$ cat work-v2.txt   # compact mmCIF, C-alpha atoms (C1' of nucleotides)
# COMPACT_ATOMS: atom_id res chain seq x y z
CA MET J 77 39.34 -51.07 16.19
CA HIS J 78 42.72 -49.79 17.28
CA ASP J 79 42.86 -47.30 20.08
CA LEU J 80 43.65 -43.67 19.54
CA ASP J 81 46.07 -41.52 21.46
CA ILE J 82 44.48 -38.42 22.99
CA ALA J 83 46.45 -36.24 20.60
CA GLU J 84 45.08 -38.22 17.70
CA VAL J 85 41.53 -37.83 18.94
CA ALA J 86 42.12 -34.12 19.35
CA ARG J 87 43.46 -33.88 15.83
CA GLN J 88 40.70 -35.90 14.21
CA SER J 89 37.83 -34.36 16.15
CA GLY J 90 39.09 -30.81 16.44
CA VAL J 91 38.34 -30.93 20.15
CA PRO J 92 41.27 -29.69 22.27
CA ALA J 93 43.00 -32.23 24.48
CA SER J 94 42.15 -30.17 27.55
CA THR J 95 38.50 -30.51 26.63
CA LEU J 96 38.84 -34.23 26.13
CA ARG J 97 40.27 -34.56 29.62
CA PHE J 98 37.52 -32.36 30.93
CA TYR J 99 34.91 -34.53 29.22
CA GLU J 100 36.51 -37.64 30.61
CA ASP J 101 36.45 -36.22 34.12
CA LYS J 102 32.78 -35.47 33.61
CA GLY J 103 32.14 -39.00 32.47
CA LEU J 104 31.13 -38.03 28.95
CA ILE J 105 33.80 -40.09 27.33
CA ALA J 106 36.00 -42.90 28.62
CA SER J 107 39.57 -43.83 27.85
CA HIS J 108 40.42 -47.45 27.46
CA GLY J 109 43.77 -47.47 29.15
CA ARG J 110 47.08 -45.71 29.04
CA HIS J 111 50.23 -45.90 27.09
CA GLY J 112 52.60 -44.59 29.69
CA LEU J 113 50.59 -41.68 30.97
CA ARG J 114 48.80 -41.08 27.71
CA ARG J 115 45.14 -41.85 27.49
CA GLN J 116 44.09 -44.23 24.78
CA TYR J 117 40.59 -43.92 23.43
CA PRO J 118 38.61 -46.44 21.43
CA ALA J 119 37.83 -45.20 17.94
CA SER J 120 34.16 -45.00 18.92
CA VAL J 121 34.98 -41.94 20.98
CA LEU J 122 34.77 -39.94 17.77
CA ASP J 123 31.12 -40.84 17.32
CA ARG J 124 30.55 -40.01 20.91
CA LEU J 125 32.11 -36.60 20.45
CA SER J 126 29.86 -35.98 17.47
CA LEU J 127 26.88 -36.81 19.60
CA ILE J 128 28.10 -34.49 22.31
CA ALA J 129 28.55 -31.73 19.74
CA LEU J 130 25.04 -32.35 18.52
CA GLY J 131 23.64 -32.21 22.00
CA ARG J 132 25.45 -28.97 22.69
CA ALA J 133 24.22 -27.49 19.42
CA ALA J 134 20.69 -28.45 20.40
CA GLY J 135 21.16 -26.56 23.63
CA PHE J 136 21.53 -29.40 26.08
CA ALA J 137 23.87 -28.98 29.01
CA LEU J 138 26.74 -31.40 29.38
CA ASP J 139 25.06 -32.95 32.39
CA GLU J 140 21.94 -33.60 30.37
CA ILE J 141 23.98 -35.06 27.57
CA SER J 142 25.69 -37.43 29.94
CA LEU J 143 22.28 -38.75 30.91
CA MET J 144 21.60 -39.61 27.28
CA PHE J 145 24.32 -42.20 27.35
CA ALA J 146 22.90 -44.82 29.62
CA THR J 147 25.38 -46.17 32.10
CA ASP J 148 26.22 -49.08 29.84
CA GLY J 149 27.21 -47.41 26.62
CA ARG J 150 25.09 -46.61 23.66
CA PRO J 151 22.79 -43.61 23.30
CA GLN J 152 19.18 -44.65 23.95
CA ILE J 153 18.00 -41.09 23.83
CA ASP J 154 14.67 -40.24 25.33
CA ARG J 155 12.41 -39.23 22.46
CA LYS J 156 10.17 -37.25 24.73
CA MET J 157 13.11 -35.13 25.75
CA LEU J 158 13.91 -34.44 22.13
CA ALA J 159 10.35 -33.36 21.44
CA THR J 160 10.37 -31.12 24.48
CA ARG J 161 13.57 -29.52 23.36
CA ALA J 162 12.13 -29.05 19.88
CA ASP J 163 9.17 -27.22 21.40
CA GLU J 164 11.45 -25.00 23.42
CA LEU J 165 13.45 -24.25 20.33
CA ASP J 166 10.25 -23.38 18.54
CA LEU J 167 9.41 -20.79 21.12
CA THR J 168 12.88 -19.35 20.99
CA ILE J 169 12.77 -19.24 17.23
CA ARG J 170 9.54 -17.30 17.29
CA ARG J 171 11.03 -14.79 19.69
CA MET J 172 14.11 -14.46 17.59
CA VAL J 173 12.11 -13.96 14.43
CA ALA J 174 10.15 -11.21 16.12
CA MET J 175 13.36 -9.65 17.29
CA ARG J 176 15.00 -9.92 13.91
CA ASN J 177 12.03 -8.32 12.21
CA GLY J 178 12.01 -5.57 14.78
CA LEU J 179 15.69 -4.93 14.35
CA ARG J 180 15.40 -4.84 10.59
CA HIS J 181 12.56 -2.40 10.82
CA ALA J 182 14.43 -0.22 13.26
CA ALA J 183 17.48 -0.31 11.03
CA LYS J 184 15.63 1.23 8.14
CA CYS J 185 12.92 3.10 9.98
CA PRO J 186 12.37 6.59 8.55
CA ALA J 187 11.51 8.17 11.90
CA PRO J 188 14.18 10.71 12.91
CA ASN J 189 14.99 8.77 16.04
CA HIS J 190 13.66 5.60 17.48
CA SER J 191 11.64 7.20 20.20
CA GLU J 192 9.21 8.28 17.49
CA CYS J 193 8.91 4.95 15.78
CA PRO J 194 5.83 3.02 16.82
CA THR J 195 7.29 -0.32 15.79
CA PHE J 196 10.31 0.30 17.92
CA GLN J 197 8.11 1.34 20.80
CA ARG J 198 6.12 -1.83 20.52
CA LEU J 199 9.28 -3.89 20.61
CA LEU J 200 10.44 -1.89 23.57
CA ARG J 201 7.31 -2.64 25.52
CA ALA J 202 7.54 -6.29 24.67
CA ALA J 203 11.10 -6.41 25.95
CA ALA J 204 10.24 -4.55 29.13
CA SER J 205 7.43 -6.96 29.86
CA GLY J 206 9.77 -9.89 29.48
CA ARG J 207 7.83 -11.29 26.54
CA LEU J 208 11.02 -11.46 24.53
CA GLY J 209 12.81 -13.26 27.28
CA ALA J 210 16.08 -11.39 27.72
CA ARG J 211 17.39 -14.01 30.10
CA GLY J 212 16.67 -17.34 28.47
CA GLU J 213 14.76 -19.72 30.66
CA LYS J 214 16.61 -22.59 29.10
CA ALA J 215 15.60 -21.95 25.59
CA GLY J 216 18.18 -20.56 23.26
CA THR J 217 21.49 -21.66 21.93
CA PRO J 218 23.92 -22.32 24.69
CA THR J 219 26.29 -19.90 26.30
CA ALA J 220 26.97 -17.71 23.26
CA ARG J 221 30.18 -16.11 24.35
CA PRO J 222 31.86 -13.26 22.48
CA THR J 223 34.17 -15.55 20.52
CA ARG J 224 37.32 -16.95 21.89
CA ASP J 225 39.46 -18.09 19.03
CA ARG J 226 38.71 -21.59 17.91
CA LYS J 227 41.23 -23.44 15.89
CA LYS J 228 40.04 -26.25 13.77
CA SER J 229 42.86 -28.52 12.65
CA GLY J 230 42.75 -29.99 9.24
CA MET N 252 9.27 14.57 36.55
CA HIS N 253 9.57 13.53 40.15
CA ASP N 254 12.43 11.27 41.07
CA LEU N 255 11.98 7.67 42.01
CA ASP N 256 13.47 5.85 44.93
CA ILE N 257 15.48 2.77 43.96
CA ALA N 258 12.88 0.55 45.57
CA GLU N 259 10.21 2.21 43.50
CA VAL N 260 12.17 1.69 40.31
CA ALA N 261 12.67 -1.93 41.25
CA ARG N 262 8.98 -2.33 41.87
CA GLN N 263 7.84 -0.64 38.68
CA SER N 264 10.40 -2.22 36.40
CA GLY N 265 10.65 -5.63 37.99
CA VAL N 266 14.42 -5.29 37.97
CA PRO N 267 15.97 -6.18 41.36
CA ALA N 268 17.63 -3.38 43.27
CA SER N 269 20.92 -5.24 43.21
CA THR N 270 20.75 -5.22 39.44
CA LEU N 271 19.97 -1.54 39.37
CA ARG N 272 23.08 -0.86 41.44
CA PHE N 273 25.04 -3.14 39.18
CA TYR N 274 23.78 -1.28 36.12
CA GLU N 275 24.61 2.03 37.72
CA ASP N 276 28.14 0.85 38.46
CA LYS N 277 28.42 -0.15 34.84
CA GLY N 278 27.23 3.23 33.70
CA LEU N 279 24.06 1.93 32.09
CA ILE N 280 21.81 4.06 34.23
CA ALA N 281 22.44 7.08 36.41
CA SER N 282 20.93 8.19 39.68
CA HIS N 283 20.14 11.81 40.18
CA GLY N 284 21.06 12.16 43.82
CA ARG N 285 20.39 10.63 47.17
CA HIS N 286 17.83 10.84 49.87
CA GLY N 287 20.01 9.87 52.78
CA LEU N 288 21.82 6.96 51.26
CA ARG N 289 19.06 6.01 48.90
CA ARG N 290 19.54 6.54 45.22
CA GLN N 291 16.98 8.67 43.46
CA TYR N 292 16.38 8.01 39.80
CA PRO N 293 14.69 10.25 37.27
CA ALA N 294 11.49 8.70 35.90
CA SER N 295 13.23 8.33 32.55
CA VAL N 296 15.25 5.49 33.98
CA LEU N 297 12.28 3.25 33.31
CA ASP N 298 12.54 3.86 29.57
CA ARG N 299 16.20 3.26 29.79
CA LEU N 300 15.64 -0.05 31.50
CA SER N 301 13.24 -1.04 28.75
CA LEU N 302 15.86 -0.25 26.19
CA ILE N 303 18.40 -2.29 28.10
CA ALA N 304 15.96 -5.20 28.26
CA LEU N 305 15.42 -4.90 24.54
CA GLY N 306 19.13 -4.86 23.87
CA ARG N 307 19.62 -7.92 26.03
CA ALA N 308 16.75 -9.70 24.30
CA ALA N 309 18.36 -8.92 20.98
CA GLY N 310 21.53 -10.55 22.23
CA PHE N 311 23.70 -7.51 22.83
CA ALA N 312 26.13 -7.59 25.74
CA LEU N 313 25.77 -4.94 28.43
CA ASP N 314 28.97 -3.32 27.27
CA GLU N 315 27.60 -3.01 23.77
CA ILE N 316 24.36 -1.61 25.08
CA SER N 317 26.20 1.03 27.05
CA LEU N 318 27.75 2.20 23.79
CA MET N 319 24.28 2.74 22.35
CA PHE N 320 23.66 5.50 24.83
CA ALA N 321 26.02 8.19 23.67
CA THR N 322 27.83 9.91 26.49
CA ASP N 323 25.25 12.67 26.61
CA GLY N 324 22.07 10.77 27.08
CA ARG N 325 19.64 9.64 24.47
CA PRO N 326 19.96 6.47 22.41
CA GLN N 327 21.24 7.34 18.95
CA ILE N 328 21.52 3.73 18.01
CA ASP N 329 23.68 2.80 15.10
CA ARG N 330 21.35 1.43 12.43
CA LYS N 331 24.13 -0.50 10.83
CA MET N 332 24.70 -2.35 14.08
CA LEU N 333 21.04 -3.26 14.21
CA ALA N 334 21.13 -4.60 10.69
CA THR N 335 24.25 -6.59 11.46
CA ARG N 336 22.62 -8.06 14.51
CA ALA N 337 19.54 -8.91 12.48
CA ASP N 338 21.72 -10.79 10.03
CA GLU N 339 23.39 -12.69 12.83
CA LEU N 340 20.02 -13.55 14.24
CA ASP N 341 18.97 -14.76 10.84
CA LEU N 342 21.83 -17.19 10.72
CA THR N 343 21.10 -18.41 14.21
CA ILE N 344 17.44 -18.82 13.37
CA ARG N 345 18.28 -20.95 10.38
CA ARG N 346 20.50 -23.15 12.49
CA MET N 347 17.85 -23.46 15.13
CA VAL N 348 15.18 -24.33 12.61
CA ALA N 349 17.42 -27.06 11.23
CA MET N 350 18.02 -28.31 14.71
CA ARG N 351 14.37 -28.21 15.65
CA ASN N 352 13.41 -30.14 12.54
CA GLY N 353 16.10 -32.68 13.22
CA LEU N 354 14.99 -33.12 16.80
CA ARG N 355 11.38 -33.52 15.80
CA HIS N 356 12.32 -36.11 13.26
CA ALA N 357 14.50 -37.97 15.71
CA ALA N 358 11.70 -37.89 18.27
CA LYS N 359 9.33 -39.76 16.02
CA CYS N 360 11.80 -41.63 13.86
CA PRO N 361 10.75 -45.23 13.31
CA ALA N 362 14.31 -46.59 13.22
CA PRO N 363 14.97 -48.88 16.18
CA ASN N 364 17.73 -46.65 17.45
CA HIS N 365 19.19 -43.44 16.22
CA SER N 366 22.35 -44.94 14.89
CA GLU N 367 20.26 -46.37 12.08
CA CYS N 368 18.40 -43.22 11.19
CA PRO N 369 19.92 -41.39 8.24
CA THR N 370 18.39 -38.06 9.21
CA PHE N 371 19.93 -38.33 12.63
CA GLN N 372 23.26 -39.28 11.11
CA ARG N 373 23.16 -36.27 8.86
CA LEU N 374 22.49 -34.02 11.82
CA LEU N 375 25.30 -35.70 13.68
CA ARG N 376 27.78 -35.00 10.94
CA ALA N 377 26.66 -31.40 10.73
CA ALA N 378 27.19 -30.97 14.45
CA ALA N 379 30.60 -32.64 14.37
CA SER N 380 31.71 -30.35 11.59
CA GLY N 381 30.66 -27.32 13.56
CA ARG N 382 28.09 -26.28 10.98
CA LEU N 383 25.47 -26.08 13.70
CA GLY N 384 27.66 -23.97 15.89
CA ALA N 385 27.57 -25.64 19.27
CA ARG N 386 29.48 -22.84 20.88
CA GLY N 387 27.80 -19.69 19.63
CA GLU N 388 30.13 -17.28 17.97
CA LYS N 389 28.06 -14.43 19.26
CA ALA N 390 24.85 -15.37 17.67
CA GLY N 391 22.13 -16.84 19.81
CA THR N 392 20.09 -15.65 22.71
CA PRO N 393 22.26 -14.57 25.55
CA THR N 394 23.56 -16.73 28.37
CA ALA N 395 20.53 -19.04 28.61
CA ARG N 396 21.07 -20.34 32.10
CA PRO N 397 19.10 -23.24 33.57
CA THR N 398 16.55 -21.00 35.22
CA ARG N 399 17.13 -19.20 38.42
CA ASP N 400 13.82 -18.09 39.80
CA ARG N 401 12.65 -14.80 38.50
CA LYS N 402 10.09 -12.85 40.39
CA LYS N 403 8.11 -10.25 38.61
CA SER N 404 6.38 -7.78 40.84
CA GLY N 405 2.90 -6.69 39.93
C1' DC S 243 71.40 -43.11 29.83
C1' DT S 244 70.21 -38.62 29.01
C1' DG S 245 67.46 -35.06 26.99
C1' DC S 246 63.33 -33.70 24.99
C1' DG S 247 58.78 -32.86 24.29
C1' DA S 248 54.32 -34.35 24.73
C1' DC S 249 51.74 -35.78 27.76
C1' DT S 250 50.03 -35.93 32.96
C1' DT S 251 47.56 -33.91 37.40
C1' DC S 252 45.45 -30.41 40.14
C1' DA S 253 44.25 -25.99 41.28
C1' DA S 254 42.97 -21.82 39.83
C1' DG S 255 41.48 -18.51 36.34
C1' DT S 256 38.06 -16.76 32.70
C1' DC S 257 33.73 -14.68 31.10
C1' DA S 258 29.01 -12.41 31.71
C1' DA S 259 25.63 -10.94 34.39
C1' DC S 260 24.31 -10.89 38.38
C1' DT S 261 23.48 -12.34 43.48
C1' DT S 262 24.81 -12.84 48.20
C1' DG S 263 26.85 -11.72 52.57
C1' DA S 264 28.83 -8.97 56.07
C1' DA S 265 29.07 -4.80 58.14
C1' DG S 266 27.66 -0.12 58.18
C1' DT S 267 24.32 4.13 57.70
C1' DC S 268 20.46 6.80 57.92
C1' DA S 269 15.31 8.65 58.13
C1' DA S 270 11.47 8.01 60.48
C1' DG S 271 8.23 6.15 63.97
C1' DC S 272 7.40 5.53 68.79
C1' DG C 241 16.76 9.24 71.51
C1' DC C 242 16.60 4.70 70.40
C1' DT C 243 15.07 1.00 67.55
C1' DT C 244 13.88 -0.58 63.16
C1' DG C 245 14.41 -1.81 58.66
C1' DA C 246 15.41 -0.59 54.21
C1' DC C 247 18.84 0.97 52.19
C1' DT C 248 24.29 1.45 51.53
C1' DT C 249 29.26 -0.38 50.15
C1' DC C 250 32.57 -3.77 48.91
C1' DA C 251 34.19 -8.17 48.24
C1' DA C 252 33.31 -12.54 47.06
C1' DG C 253 30.38 -16.24 45.26
C1' DT C 254 27.58 -18.49 41.35
C1' DT C 255 26.99 -20.99 36.88
C1' DG C 256 28.73 -23.64 32.71
C1' DA C 257 32.16 -24.95 29.91
C1' DC C 258 36.27 -24.73 29.49
C1' DT C 259 41.37 -22.89 29.54
C1' DT C 260 45.71 -21.94 31.71
C1' DG C 261 49.69 -22.56 34.62
C1' DA C 262 52.90 -24.90 37.42
C1' DA C 263 55.15 -28.89 38.41
C1' DG C 264 55.73 -33.63 37.45
C1' DT C 265 56.22 -38.10 34.47
C1' DC C 266 57.18 -40.95 30.79
C1' DG C 267 58.53 -43.10 26.13
C1' DC C 268 61.69 -42.75 22.74
C1' DA C 269 65.54 -40.84 19.68
C1' DG C 270 70.24 -40.47 19.91
$ encode --input "work-v2.txt" --output "structure tokens"
Amino acid sequence: MHDLDIAEVARQSGVPASTLRFYEDKGLIASHGRHGLRRQYPASVLDRLSLIALGRAAGFALDEISLMFATDGRPQIDRKMLATRADELDLTIRRMVAMRNGLRHAAKCPAPNHSECPTFQRLLRAAASGRLGARGEKAGTPTARPTRDRKKSG
Amino acid sequence: MHDLDIAEVARQSGVPASTLRFYEDKGLIASHGRHGLRRQYPASVLDRLSLIALGRAAGFALDEISLMFATDGRPQIDRKMLATRADELDLTIRRMVAMRNGLRHAAKCPAPNHSECPTFQRLLRAAASGRLGARGEKAGTPTARPTRDRKKSG
DNA sequence: CTGCGACTTCAAGTCAACTTGAAGTCAAGC
DNA sequence: GCTTGACTTCAAGTTGACTTGAAGTCGCAG
């Protein structure tokens, strides 16, 4: 297992070097030494980055993800935590399905404007009551920002 | 239609006064005058707040929501935008379902650790490739912060 | 041995949607 | 008419996950 230069890791993983440094500061990944100033990572860092990506996709915060790697090294992920997250996702999915259906209805609703559409009104009341959870409690996909550009080398 | 004091709007809608001011600054709602310093809102502001909550729940940004209220007043929501959003939600839902299934499997997977579970490995590769969209492109539920307390008046 | 360019550090900026804090104002009750 | 307390404004802070910028360092080609 030869070590990889940070630039190499960035290229192979598609994760920007700045992010790799950020992750290292956070303790999510570890470099194995330096060549001059340049961080050298063990090849296993690529697996680790995949796991981090998976955790992020599942909606875990970086801090939570760092807990999944026990202090020593390998994952040992708490199965209960996974199940809990699955349940949360389930709830979010149900909300999103309701919302999607509502939107689709509203999009093709024959009523002249939405204030006369009972389906829309129902949705409206649900939103006002918080049942649709405008501000996620922890549930949804993470952050969801309006799209910075994301280059993927390759 | 008698006007409502900001405190009254806050009480009836459950939206904090600070948020109401913030929304007014943003142009999402409008006060009708003042009693002393206190903003007076028309009763219709409550409907408006519901609509805002709905928009937020559907994943629209405040700026997008403000576009839904034409300069004059009433909604006139672009149906095409709703359909587009529904499609985006659909994609997100599919990703989340995949993720939920993966998590559930991993939670009860008999393999001694996850590095030996093929289902987990498949999920891992999907995440690494970005197919699961760790950083939402716009899709998911909004912000999803780790839960500030949220009081809901009666 | 010099120049270059890719790395380094560290602080600060970004984004969205609010919240918080300090300092001020005003209507109403006593 | 003075206190009270709920409002007001405006600026700055918060959170999470990064990115950006300035200034510095280092290995290597020439």
$ residues_around --input "work-v2.txt" --residues "segment 153-162 of chain J" --least-positions-apart "4" --cutoff "7 Å" --atoms "only C-alpha atoms (C1' of nucleotides)" --output "PyMOL selection string"
(chain J and resi 144+166) or (chain N and resi 351+354-355+358)
$ interface_residues --input "work-v2.txt" --of "chain S" --to "chain N" --cutoff "9 Å" --atoms "all atoms listed in the file" --output "list in words"
DA258, DA259, DC260, DT261, DT267, DC268 and DA269 of chain S
$ closest_atom_pairs --input "work-v2.txt" --of "segment 249-269 of chain S" --to "segment 253-268 of chain C" --cutoff "8 Å" --atoms "all atoms listed in the file" --output "JSON lines"
{"residue": "S:DT250", "atom": "C1'", "partner": "C:DT265", "partner_atom": "C1'", "distance": 6.7}
{"residue": "S:DG255", "atom": "C1'", "partner": "C:DT260", "partner_atom": "C1'", "distance": 7.1}
{"residue": "S:DT256", "atom": "C1'", "partner": "C:DT259", "partner_atom": "C1'", "distance": 7.6}
{"residue": "S:DT261", "atom": "C1'", "partner": "C:DT254", "partner_atom": "C1'", "distance": 7.7}
{"residue": "S:DT262", "atom": "C1'", "partner": "C:DG253", "partner_atom": "C1'", "distance": 7.2}
$ residues_around --input "work-v2.txt" --residues "Leu383 of chain N" --least-positions-apart "2" --cutoff "7 Å" --atoms "only C-alpha atoms (C1' of nucleotides)" --output "VMD selection string"
(chain J and resid 133) or (chain N and resid 346 377 to 378 381 385)
$ write_last_selection --input "work-v2.txt" --atoms "C-alpha atoms" --output "PDB file, keeping the file's coordinate frame"
ATOM      1  CA  ALA J 133      24.220 -27.490  19.420  1.00  0.00           C
TER       2      ALA J 133
ATOM      3  CA  ARG N 346      20.500 -23.150  12.490  1.00  0.00           C
ATOM      4  CA  ALA N 377      26.660 -31.400  10.730  1.00  0.00           C
ATOM      5  CA  ALA N 378      27.190 -30.970  14.450  1.00  0.00           C
ATOM      6  CA  GLY N 381      30.660 -27.320  13.560  1.00  0.00           C
ATOM      7  CA  ALA N 385      27.570 -25.640  19.270  1.00  0.00           C
TER       8      ALA N 385
END
$ atom_distance --input "work-v2.txt" --atom1 "atom CA of Asp254 of chain N" --atom2 "atom CA of Gly278 of chain N"
18.4 Å
$ atom_distance --input "work-v2.txt" --atom1 "atom CA of Val85 of chain J" --atom2 "atom CA of Gly131 of chain J"
19.0 Å
$ closest_residue --input "work-v2.txt" --among "N:Gly265, N:Gly384, N:Arg272, N:Leu297" --to "Leu342 of chain N" --atoms "only C-alpha atoms"
N:Gly384
$ atom_distance --input "work-v2.txt" --atom1 "atom CA of Leu143 of chain J" --atom2 "atom CA of Ser120 of chain J"
18.0 Å
$ build_atoms --input "work-v2.txt" --residues "segment 267-280 of chain N" --atoms "N, CA and C atoms" --output "CSV table (one decimal), in the frame of the given file"
chain,number,residue,atom,x,y,z
N,267,PRO,N,15.5,-6.2,40.0
N,267,PRO,CA,16.0,-6.2,41.4
N,267,PRO,C,16.9,-5.0,41.7
N,268,ALA,N,16.8,-4.5,42.9
N,268,ALA,CA,17.6,-3.4,43.3
N,268,ALA,C,19.1,-3.7,43.1
N,269,SER,N,19.5,-4.9,43.4
N,269,SER,CA,20.9,-5.2,43.2
N,269,SER,C,21.3,-5.1,41.8
N,270,THR,N,20.5,-5.4,40.9
N,270,THR,CA,20.8,-5.2,39.4
N,270,THR,C,20.8,-3.7,39.1
N,271,LEU,N,19.9,-3.0,39.7
N,271,LEU,CA,20.0,-1.5,39.4
N,271,LEU,C,21.3,-0.9,39.8
N,272,ARG,N,21.8,-1.3,41.0
N,272,ARG,CA,23.1,-0.9,41.4
N,272,ARG,C,24.2,-1.3,40.5
N,273,PHE,N,24.1,-2.6,40.1
N,273,PHE,CA,25.0,-3.1,39.2
N,273,PHE,C,25.1,-2.4,37.9
N,274,TYR,N,23.9,-2.1,37.4
N,274,TYR,CA,23.8,-1.3,36.1
N,274,TYR,C,24.3,0.1,36.3
N,275,GLU,N,24.1,0.7,37.5
N,275,GLU,CA,24.6,2.0,37.7
N,275,GLU,C,26.1,2.0,37.8
N,276,ASP,N,26.7,1.0,38.4
N,276,ASP,CA,28.1,0.8,38.5
N,276,ASP,C,28.7,0.8,37.0
N,277,LYS,N,28.0,0.1,36.2
N,277,LYS,CA,28.4,-0.2,34.8
N,277,LYS,C,28.2,1.1,34.0
N,278,GLY,N,27.5,2.0,34.5
N,278,GLY,CA,27.2,3.2,33.7
N,278,GLY,C,26.0,3.1,32.8
N,279,LEU,N,25.2,2.1,33.0
N,279,LEU,CA,24.1,1.9,32.1
N,279,LEU,C,22.9,2.8,32.5
N,280,ILE,N,22.8,3.1,33.8
N,280,ILE,CA,21.8,4.1,34.2
N,280,ILE,C,22.5,5.0,35.2
